[in-house]
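Raw entry.cif, mmCIF, C-alpha atoms:
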```cif
data_target
#
loop_
_atom_site.label_atom_id
_atom_site.label_comp_id
_atom_site.auth_asym_id
_atom_site.auth_seq_id
_atom_site.Cartn_x
_atom_site.Cartn_y
_atom_site.Cartn_z
CA MET A 74 97.09 172.08 5.94
CA LEU A 75 99.29 169.90 3.76
CA ASN A 76 98.05 166.28 3.83
CA ILE A 77 100.14 163.93 1.71
CA VAL A 78 99.59 160.27 0.90
CA ILE A 79 102.79 158.51 -0.20
CA PHE A 80 101.93 155.68 -2.53
CA GLY A 81 104.01 152.96 -4.14
CA ALA A 82 104.92 149.32 -4.19
CA PRO A 83 107.16 147.75 -1.57
CA GLY A 84 110.72 148.89 -2.31
CA SER A 85 109.64 152.01 -4.22
CA GLY A 86 111.39 154.34 -1.76
CA LYS A 87 108.42 155.55 0.30
CA GLY A 88 110.36 155.57 3.58
CA THR A 89 113.40 157.33 2.16
CA GLN A 90 111.33 160.00 0.43
CA SER A 91 108.96 160.41 3.41
CA ASP A 92 111.95 161.35 5.57
CA LYS A 93 112.95 164.05 3.07
CA ILE A 94 109.39 165.43 2.86
CA ILE A 95 109.11 165.57 6.67
CA ALA A 96 112.47 167.38 6.96
CA GLU A 97 111.59 169.92 4.25
CA TYR A 98 107.93 170.67 4.98
CA GLY A 99 107.71 170.02 8.72
CA VAL A 100 104.70 167.73 8.36
CA GLU A 101 103.91 165.04 10.90
CA HIS A 102 104.42 161.37 9.99
CA ILE A 103 101.57 158.96 10.58
CA SER A 104 102.49 155.35 9.89
CA THR A 105 99.52 153.04 10.31
CA GLY A 106 101.70 150.22 11.62
CA ASP A 107 103.48 152.45 14.16
CA VAL A 108 100.21 153.99 15.35
CA LEU A 109 98.57 150.59 15.74
CA ARG A 110 101.52 149.25 17.76
CA ALA A 111 101.52 152.38 19.96
CA GLU A 112 97.79 152.07 20.71
CA ILE A 113 98.23 148.40 21.62
CA LYS A 114 101.31 149.10 23.75
CA GLY A 115 99.52 152.01 25.44
CA ASN A 116 96.64 149.67 26.27
CA THR A 117 94.11 152.25 25.03
CA GLU A 118 90.52 151.21 24.36
CA LEU A 119 91.20 151.35 20.60
CA GLY A 120 94.43 149.40 21.14
CA LYS A 121 92.65 146.68 23.13
CA THR A 122 90.07 146.29 20.36
CA ALA A 123 92.78 146.14 17.69
CA ALA A 124 94.78 143.61 19.72
CA ALA A 125 91.74 141.35 19.97
CA TYR A 126 91.51 141.19 16.15
CA ILE A 127 95.26 140.67 15.72
CA ASN A 128 95.39 137.98 18.41
CA ASP A 129 92.59 136.14 16.60
CA GLY A 130 94.66 136.30 13.40
CA LYS A 131 92.22 138.72 11.78
CA LEU A 132 92.82 142.00 9.96
CA VAL A 133 91.96 145.12 11.92
CA PRO A 134 88.77 146.52 10.31
CA ASP A 135 89.05 149.73 8.29
CA SER A 136 86.63 151.53 10.61
CA LEU A 137 88.87 150.84 13.61
CA ILE A 138 92.01 151.95 11.75
CA ILE A 139 90.24 155.19 10.75
CA ASP A 140 89.21 155.75 14.39
CA ILE A 141 92.83 155.25 15.46
CA LEU A 142 94.12 157.60 12.73
CA ALA A 143 91.51 160.21 13.68
CA SER A 144 92.53 159.96 17.33
CA THR A 145 96.22 160.29 16.38
CA LEU A 146 95.54 163.26 14.11
CA ASP A 147 93.43 165.02 16.76
CA ALA A 148 96.13 164.42 19.40
CA LYS A 149 98.64 166.28 17.22
CA GLY A 150 96.57 169.44 17.57
CA LYS A 151 95.47 172.10 15.12
CA ASP A 152 98.82 173.88 14.82
CA ILE A 153 100.59 171.23 12.77
CA LYS A 154 101.60 172.01 9.19
CA GLY A 155 100.14 168.77 7.86
CA VAL A 156 100.56 165.02 7.76
CA ILE A 157 102.17 162.43 5.56
CA PHE A 158 100.16 159.20 5.61
CA ASP A 159 102.43 156.17 5.25
CA GLY A 160 100.93 152.73 4.72
CA PHE A 161 97.40 154.06 4.46
CA PRO A 162 95.15 153.96 2.57
CA ARG A 163 95.67 150.59 0.90
CA THR A 164 92.20 150.11 -0.57
CA ILE A 165 89.56 152.33 -2.16
CA ALA A 166 87.30 151.81 0.88
CA GLN A 167 90.13 153.08 3.10
CA ALA A 168 90.69 156.07 0.79
CA GLU A 169 87.00 156.97 0.97
CA ALA A 170 87.07 156.62 4.77
CA LEU A 171 90.19 158.83 4.95
CA ASN A 172 88.48 161.48 2.81
CA SER A 173 85.44 161.44 5.13
CA MET A 174 87.57 161.61 8.29
CA LEU A 175 89.56 164.56 6.92
CA ALA A 176 86.40 166.32 5.66
CA GLU A 177 84.95 166.15 9.20
CA ARG A 178 88.00 168.24 10.22
CA GLY A 179 87.68 170.67 7.32
CA GLN A 180 90.66 169.10 5.55
CA GLU A 181 91.41 166.98 2.51
CA VAL A 182 94.21 164.97 0.92
CA SER A 183 96.38 167.62 -0.76
CA THR A 184 98.29 165.29 -3.05
CA VAL A 185 99.17 161.65 -3.56
CA ILE A 186 102.83 161.06 -4.35
CA GLY A 187 102.86 157.96 -6.57
CA LEU A 188 106.34 156.46 -6.72
CA GLU A 189 106.43 154.31 -9.85
CA VAL A 190 109.20 151.72 -10.20
CA ASN A 191 109.40 148.67 -12.48
CA ASP A 192 109.15 145.19 -10.91
CA GLU A 193 112.72 144.17 -11.71
CA GLU A 194 114.08 147.21 -9.87
CA LEU A 195 111.66 146.74 -6.96
CA ILE A 196 112.75 143.13 -6.40
CA LYS A 197 116.42 144.14 -6.66
CA ARG A 198 115.90 146.88 -4.05
CA ILE A 199 113.96 144.66 -1.66
CA ILE A 200 116.64 141.94 -1.79
CA ALA A 201 119.39 144.55 -1.27
CA ARG A 202 117.47 146.03 1.66
CA GLY A 203 117.14 142.57 3.18
CA LYS A 204 120.91 142.11 3.06
CA THR A 205 121.56 145.38 4.89
CA SER A 206 118.57 145.43 7.27
CA GLY A 207 118.47 141.76 8.13
CA ARG A 208 114.70 141.72 7.50
CA ALA A 209 113.85 138.09 6.86
CA ASP A 210 110.86 139.03 4.68
CA ASP A 211 113.07 140.93 2.21
CA ASN A 212 113.81 138.03 -0.14
CA GLU A 213 112.83 137.37 -3.76
CA GLU A 214 109.96 134.95 -3.08
CA THR A 215 108.34 137.17 -0.45
CA ALA A 216 108.99 140.26 -2.57
CA LYS A 217 107.05 138.73 -5.47
CA LYS A 218 104.14 137.83 -3.14
CA ARG A 219 104.09 141.35 -1.68
CA LEU A 220 104.07 142.84 -5.18
CA ASP A 221 101.16 140.57 -6.19
CA THR A 222 99.22 141.74 -3.13
CA TYR A 223 100.09 145.35 -3.95
CA TYR A 224 98.89 145.06 -7.57
CA ASN A 225 95.69 143.23 -6.62
CA GLN A 226 94.64 145.24 -3.57
CA THR A 227 96.38 148.60 -3.58
CA MET A 228 96.99 149.49 -7.23
CA PRO A 229 93.28 150.32 -7.89
CA LEU A 230 93.88 153.34 -5.63
CA LYS A 231 95.94 154.93 -8.40
CA ASP A 232 92.86 155.28 -10.64
CA PHE A 233 90.79 156.48 -7.66
CA TYR A 234 93.24 159.31 -6.97
CA ILE A 235 93.71 160.12 -10.68
CA LYS A 236 89.92 160.61 -10.92
CA GLU A 237 90.09 162.89 -7.87
CA GLY A 238 92.87 164.90 -9.56
CA LYS A 239 95.21 164.19 -6.64
CA TYR A 240 97.70 161.69 -8.13
CA ALA A 241 101.21 162.95 -8.88
CA LYS A 242 103.11 160.35 -10.91
CA ILE A 243 106.76 160.31 -9.86
CA ASP A 244 109.40 158.21 -11.60
CA GLY A 245 110.92 156.35 -8.65
CA VAL A 246 114.07 155.31 -10.52
CA GLY A 247 117.18 157.48 -10.40
CA SER A 248 119.10 159.25 -7.70
CA ILE A 249 117.32 159.87 -4.41
CA ASP A 250 117.82 163.62 -4.85
CA ASP A 251 116.49 163.67 -8.43
CA ILE A 252 113.41 161.72 -7.38
CA TYR A 253 112.90 164.08 -4.43
CA SER A 254 113.24 167.11 -6.70
CA ASN A 255 110.21 165.83 -8.69
CA ILE A 256 108.30 165.13 -5.45
CA LYS A 257 109.04 168.65 -4.20
CA ALA A 258 107.71 170.14 -7.45
CA ALA A 259 104.49 168.11 -7.09
CA ILE A 260 104.01 169.20 -3.46
CA ASP A 261 104.81 172.84 -4.19
CA ALA A 262 102.19 172.79 -6.97
CA VAL A 263 99.42 172.13 -4.40
CA LYS A 264 100.81 174.03 -1.43
#
```
Would you give me this structure, written as structure tokens?
Amino acid sequence: MLNIVIFGAPGSGKGTQSDKIIAEYGVEHISTGDVLRAEIKGNTELGKTAAAYINDGKLVPDSLIIDILASTLDAKGKDIKGVIFDGFPRTIAQAEALNSMLAERGQEVSTVIGLEVNDEELIKRIIARGKTSGRADDNEETAKKRLDTYYNQTMPLKDFYIKEGKYAKIDGVGSIDDIYSNIKAAIDAVK
């Protein structure tokens, strides 16, 4: 089974490249945010628990997110080709929990696609995206805050996955097709 983590700062092109990976390899897409919203909307037991945290203004604990991801993965069945994890993990503790959850199912993370883009380009992309998408949080001030959070909380994952031999460094600057060509080569190397 092909289990891919797509990793990169806000504006690095994770969504664009995820769509291309899904189309090419037929893997399922699991977005933590989407899954969480679906559980809450579906009024499942996990969703009710998550909603209680969110309504109190608290972060949903890692253990609960892992339970929700496990439930989502199990619901997809055993015949899927694999999964691309989008928006998860964001911390080393989450990465360790993901490894354990996958190991319980006889699986592992196949590769981590690390889209690397310089800050100036990231901010430019986020602002441009805000103009076309109308997302109020896609402005320069918020972009800088999101990048700070990314570097402080999520960036340590890069070293974690390098040590595991899973990190594929991808230059995220250039044409979408050129970037994808490098992603495809990294995925094919572990397939």
For A:Glu97, work out the shell of residues within 12 Å, counting only C-alpha atoms and skipping chain neighbours fewer than 6 positions away, then give it as a list in words. Gln90, Ser91, Lys154, Tyr253, Ser254, Ile256, Lys257, Ile260 and Asp261 of chain A
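Between atom CA of A:Lys242 and atom CA of A:Asn212 the separation is 27.0 Å.
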Would you translate the PyMOL selection byres ((chain A and resi 79) around 12) into the concrete set of residues it matches in this file, as a ChimeraX atom specification? /A:76-78,80-83,85-92,94-95,102-104,156-163,182-189,230-231,234,239-243,245,256,259-260
Just C-alpha atoms for this one: save the residues we selected as a PDB file, in the frame of the given file.
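Saved to again.pdb:
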```pdb
ATOM      1  CA  ASN A  76      98.050 166.280   3.830  1.00  0.00           C
ATOM      2  CA  ILE A  77     100.140 163.930   1.710  1.00  0.00           C
ATOM      3  CA  VAL A  78      99.590 160.270   0.900  1.00  0.00           C
ATOM      4  CA  PHE A  80     101.930 155.680  -2.530  1.00  0.00           C
ATOM      5  CA  GLY A  81     104.010 152.960  -4.140  1.00  0.00           C
ATOM      6  CA  ALA A  82     104.920 149.320  -4.190  1.00  0.00           C
ATOM      7  CA  PRO A  83     107.160 147.750  -1.570  1.00  0.00           C
ATOM      8  CA  SER A  85     109.640 152.010  -4.220  1.00  0.00           C
ATOM      9  CA  GLY A  86     111.390 154.340  -1.760  1.00  0.00           C
ATOM     10  CA  LYS A  87     108.420 155.550   0.300  1.00  0.00           C
ATOM     11  CA  GLY A  88     110.360 155.570   3.580  1.00  0.00           C
ATOM     12  CA  THR A  89     113.400 157.330   2.160  1.00  0.00           C
ATOM     13  CA  GLN A  90     111.330 160.000   0.430  1.00  0.00           C
ATOM     14  CA  SER A  91     108.960 160.410   3.410  1.00  0.00           C
ATOM     15  CA  ASP A  92     111.950 161.350   5.570  1.00  0.00           C
ATOM     16  CA  ILE A  94     109.390 165.430   2.860  1.00  0.00           C
ATOM     17  CA  ILE A  95     109.110 165.570   6.670  1.00  0.00           C
ATOM     18  CA  HIS A 102     104.420 161.370   9.990  1.00  0.00           C
ATOM     19  CA  ILE A 103     101.570 158.960  10.580  1.00  0.00           C
ATOM     20  CA  SER A 104     102.490 155.350   9.890  1.00  0.00           C
ATOM     21  CA  VAL A 156     100.560 165.020   7.760  1.00  0.00           C
ATOM     22  CA  ILE A 157     102.170 162.430   5.560  1.00  0.00           C
ATOM     23  CA  PHE A 158     100.160 159.200   5.610  1.00  0.00           C
ATOM     24  CA  ASP A 159     102.430 156.170   5.250  1.00  0.00           C
ATOM     25  CA  GLY A 160     100.930 152.730   4.720  1.00  0.00           C
ATOM     26  CA  PHE A 161      97.400 154.060   4.460  1.00  0.00           C
ATOM     27  CA  PRO A 162      95.150 153.960   2.570  1.00  0.00           C
ATOM     28  CA  ARG A 163      95.670 150.590   0.900  1.00  0.00           C
ATOM     29  CA  VAL A 182      94.210 164.970   0.920  1.00  0.00           C
ATOM     30  CA  SER A 183      96.380 167.620  -0.760  1.00  0.00           C
ATOM     31  CA  THR A 184      98.290 165.290  -3.050  1.00  0.00           C
ATOM     32  CA  VAL A 185      99.170 161.650  -3.560  1.00  0.00           C
ATOM     33  CA  ILE A 186     102.830 161.060  -4.350  1.00  0.00           C
ATOM     34  CA  GLY A 187     102.860 157.960  -6.570  1.00  0.00           C
ATOM     35  CA  LEU A 188     106.340 156.460  -6.720  1.00  0.00           C
ATOM     36  CA  GLU A 189     106.430 154.310  -9.850  1.00  0.00           C
ATOM     37  CA  LEU A 230      93.880 153.340  -5.630  1.00  0.00           C
ATOM     38  CA  LYS A 231      95.940 154.930  -8.400  1.00  0.00           C
ATOM     39  CA  TYR A 234      93.240 159.310  -6.970  1.00  0.00           C
ATOM     40  CA  LYS A 239      95.210 164.190  -6.640  1.00  0.00           C
ATOM     41  CA  TYR A 240      97.700 161.690  -8.130  1.00  0.00           C
ATOM     42  CA  ALA A 241     101.210 162.950  -8.880  1.00  0.00           C
ATOM     43  CA  LYS A 242     103.110 160.350 -10.910  1.00  0.00           C
ATOM     44  CA  ILE A 243     106.760 160.310  -9.860  1.00  0.00           C
ATOM     45  CA  GLY A 245     110.920 156.350  -8.650  1.00  0.00           C
ATOM     46  CA  ILE A 256     108.300 165.130  -5.450  1.00  0.00           C
ATOM     47  CA  ALA A 259     104.490 168.110  -7.090  1.00  0.00           C
ATOM     48  CA  ILE A 260     104.010 169.200  -3.460  1.00  0.00           C
TER      49      ILE A 260
END
```
Within 12 Å of (92.2, 156.2, 11.3) (coordinates as in the file), grab all the protein and nucleic acid residues, counting only C-alpha atoms, and write them out as an MDAnalysis selection string. chainID A and resid 103:106 108:109 112 119 123 133:147 158:162 167:175
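Counting all atoms listed in the file, A:Gly120 has the following residues at most 8 Å away, ignoring those fewer than 5 positions along the same chain: Leu109, Arg110, Ala111, Glu112, Ile113, Lys114 and Gly115 of chain A.
Distances to A:Thr222 were evaluated for A:Thr164, A:Thr205, A:Gln180, A:Asn255 using all atoms listed in the file, and the minimum falls at A:Thr164.
From atom CA of A:Glu101 back to atom CA of A:Lys149, the distance works out to 8.3 Å.
Atom CA of A:Asn191 lies 12.4 Å from atom CA of A:Lys217.
Counting all atoms listed in the file, the residue from A:Ile252, A:Ile235, A:Lys218, A:Gln226 that sits nearest to A:Ala166 is A:Gln226.
Distances to A:Gly247 were evaluated for A:Val190, A:Ala124, A:Val263, A:Ala148 using all atoms listed in the file, and the minimum falls at A:Val190.
Applied to the shown file, the PyMOL selection byres ((chain A and resi 195-200) around 6) selects the residues Gly84, Asp192, Glu193, Glu194, Ala201, Arg202, Gly203, Asp211 and Asn212 of chain A.
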Please extract stretch 136-163 of chain A and write it out with N, CA, C and O atoms, as a short mmCIF file (atom, residue, chain, number, x, y, z; two decimals), in the first residue's frame.
```cif
data_model
loop_
_atom_site.label_atom_id
_atom_site.label_comp_id
_atom_site.auth_asym_id
_atom_site.auth_seq_id
_atom_site.Cartn_x
_atom_site.Cartn_y
_atom_site.Cartn_z
N SER A 136 -4.53 12.12 20.18
CA SER A 136 -5.08 10.77 20.29
C SER A 136 -6.45 10.68 19.62
O SER A 136 -6.76 9.68 18.96
N LEU A 137 -7.25 11.72 19.75
CA LEU A 137 -8.57 11.73 19.13
C LEU A 137 -8.45 11.86 17.61
O LEU A 137 -9.16 11.17 16.87
N ILE A 138 -7.53 12.69 17.15
CA ILE A 138 -7.33 12.82 15.70
C ILE A 138 -6.88 11.49 15.12
O ILE A 138 -7.36 11.06 14.07
N ILE A 139 -5.97 10.80 15.80
CA ILE A 139 -5.51 9.49 15.34
C ILE A 139 -6.67 8.50 15.29
O ILE A 139 -6.81 7.73 14.35
N ASP A 140 -7.53 8.52 16.32
CA ASP A 140 -8.70 7.63 16.32
C ASP A 140 -9.59 7.92 15.12
O ASP A 140 -10.10 7.00 14.47
N ILE A 141 -9.78 9.20 14.83
CA ILE A 141 -10.62 9.58 13.69
C ILE A 141 -9.97 9.16 12.37
O ILE A 141 -10.64 8.61 11.49
N LEU A 142 -8.65 9.36 12.25
CA LEU A 142 -7.95 8.93 11.03
C LEU A 142 -8.00 7.41 10.87
O LEU A 142 -8.21 6.91 9.76
N ALA A 143 -7.83 6.69 11.97
CA ALA A 143 -7.89 5.23 11.93
C ALA A 143 -9.28 4.77 11.47
O ALA A 143 -9.40 3.88 10.61
N SER A 144 -10.30 5.39 12.02
CA SER A 144 -11.68 5.06 11.64
C SER A 144 -11.91 5.34 10.16
O SER A 144 -12.52 4.55 9.44
N THR A 145 -11.41 6.48 9.68
CA THR A 145 -11.55 6.85 8.27
C THR A 145 -10.81 5.87 7.37
O THR A 145 -11.34 5.42 6.35
N LEU A 146 -9.59 5.53 7.76
CA LEU A 146 -8.79 4.59 6.98
C LEU A 146 -9.46 3.22 6.93
O LEU A 146 -9.59 2.62 5.85
N ASP A 147 -9.94 2.74 8.07
CA ASP A 147 -10.60 1.43 8.12
C ASP A 147 -11.88 1.42 7.28
O ASP A 147 -12.20 0.43 6.63
N ALA A 148 -12.60 2.55 7.26
CA ALA A 148 -13.85 2.64 6.49
C ALA A 148 -13.59 2.56 4.99
O ALA A 148 -14.46 2.15 4.22
N LYS A 149 -12.39 2.91 4.57
CA LYS A 149 -12.05 2.87 3.14
C LYS A 149 -11.82 1.44 2.65
O LYS A 149 -11.79 1.19 1.46
N GLY A 150 -11.63 0.52 3.58
CA GLY A 150 -11.47 -0.88 3.22
C GLY A 150 -10.03 -1.25 2.90
O GLY A 150 -9.15 -0.40 2.86
N LYS A 151 -9.82 -2.52 2.66
CA LYS A 151 -8.47 -3.04 2.43
C LYS A 151 -8.07 -3.03 0.95
O LYS A 151 -6.92 -3.32 0.62
N ASP A 152 -8.99 -2.72 0.07
CA ASP A 152 -8.69 -2.79 -1.36
C ASP A 152 -8.20 -1.49 -1.96
O ASP A 152 -8.00 -1.40 -3.16
N ILE A 153 -7.99 -0.47 -1.12
CA ILE A 153 -7.50 0.79 -1.66
C ILE A 153 -6.02 0.69 -2.01
O ILE A 153 -5.30 -0.15 -1.47
N LYS A 154 -5.57 1.54 -2.92
CA LYS A 154 -4.17 1.52 -3.35
C LYS A 154 -3.24 2.21 -2.37
O LYS A 154 -2.04 1.99 -2.38
N GLY A 155 -3.82 3.07 -1.53
CA GLY A 155 -3.03 3.81 -0.56
C GLY A 155 -3.72 5.10 -0.20
O GLY A 155 -4.86 5.33 -0.59
N VAL A 156 -2.99 5.93 0.56
CA VAL A 156 -3.57 7.16 1.08
C VAL A 156 -2.54 8.28 0.99
O VAL A 156 -1.34 8.04 1.18
N ILE A 157 -3.03 9.47 0.70
CA ILE A 157 -2.19 10.66 0.86
C ILE A 157 -2.73 11.40 2.06
O ILE A 157 -3.92 11.71 2.14
N PHE A 158 -1.86 11.62 3.06
CA PHE A 158 -2.24 12.33 4.27
C PHE A 158 -1.92 13.81 4.07
O PHE A 158 -0.78 14.17 3.81
N ASP A 159 -2.95 14.64 4.21
CA ASP A 159 -2.85 16.07 3.96
C ASP A 159 -3.20 16.81 5.25
O ASP A 159 -4.28 16.63 5.79
N GLY A 160 -2.24 17.58 5.76
CA GLY A 160 -2.49 18.32 6.99
C GLY A 160 -2.19 17.52 8.24
O GLY A 160 -2.51 17.94 9.35
N PHE A 161 -1.59 16.38 8.06
CA PHE A 161 -1.25 15.52 9.19
C PHE A 161 -0.13 14.60 8.76
O PHE A 161 -0.17 14.10 7.65
N PRO A 162 0.86 14.39 9.58
CA PRO A 162 1.07 14.94 10.92
C PRO A 162 1.65 16.36 10.86
O PRO A 162 2.22 16.76 9.85
N ARG A 163 1.51 17.07 11.97
CA ARG A 163 2.07 18.41 12.08
C ARG A 163 3.11 18.51 13.19
O ARG A 163 3.77 19.53 13.32
#
```
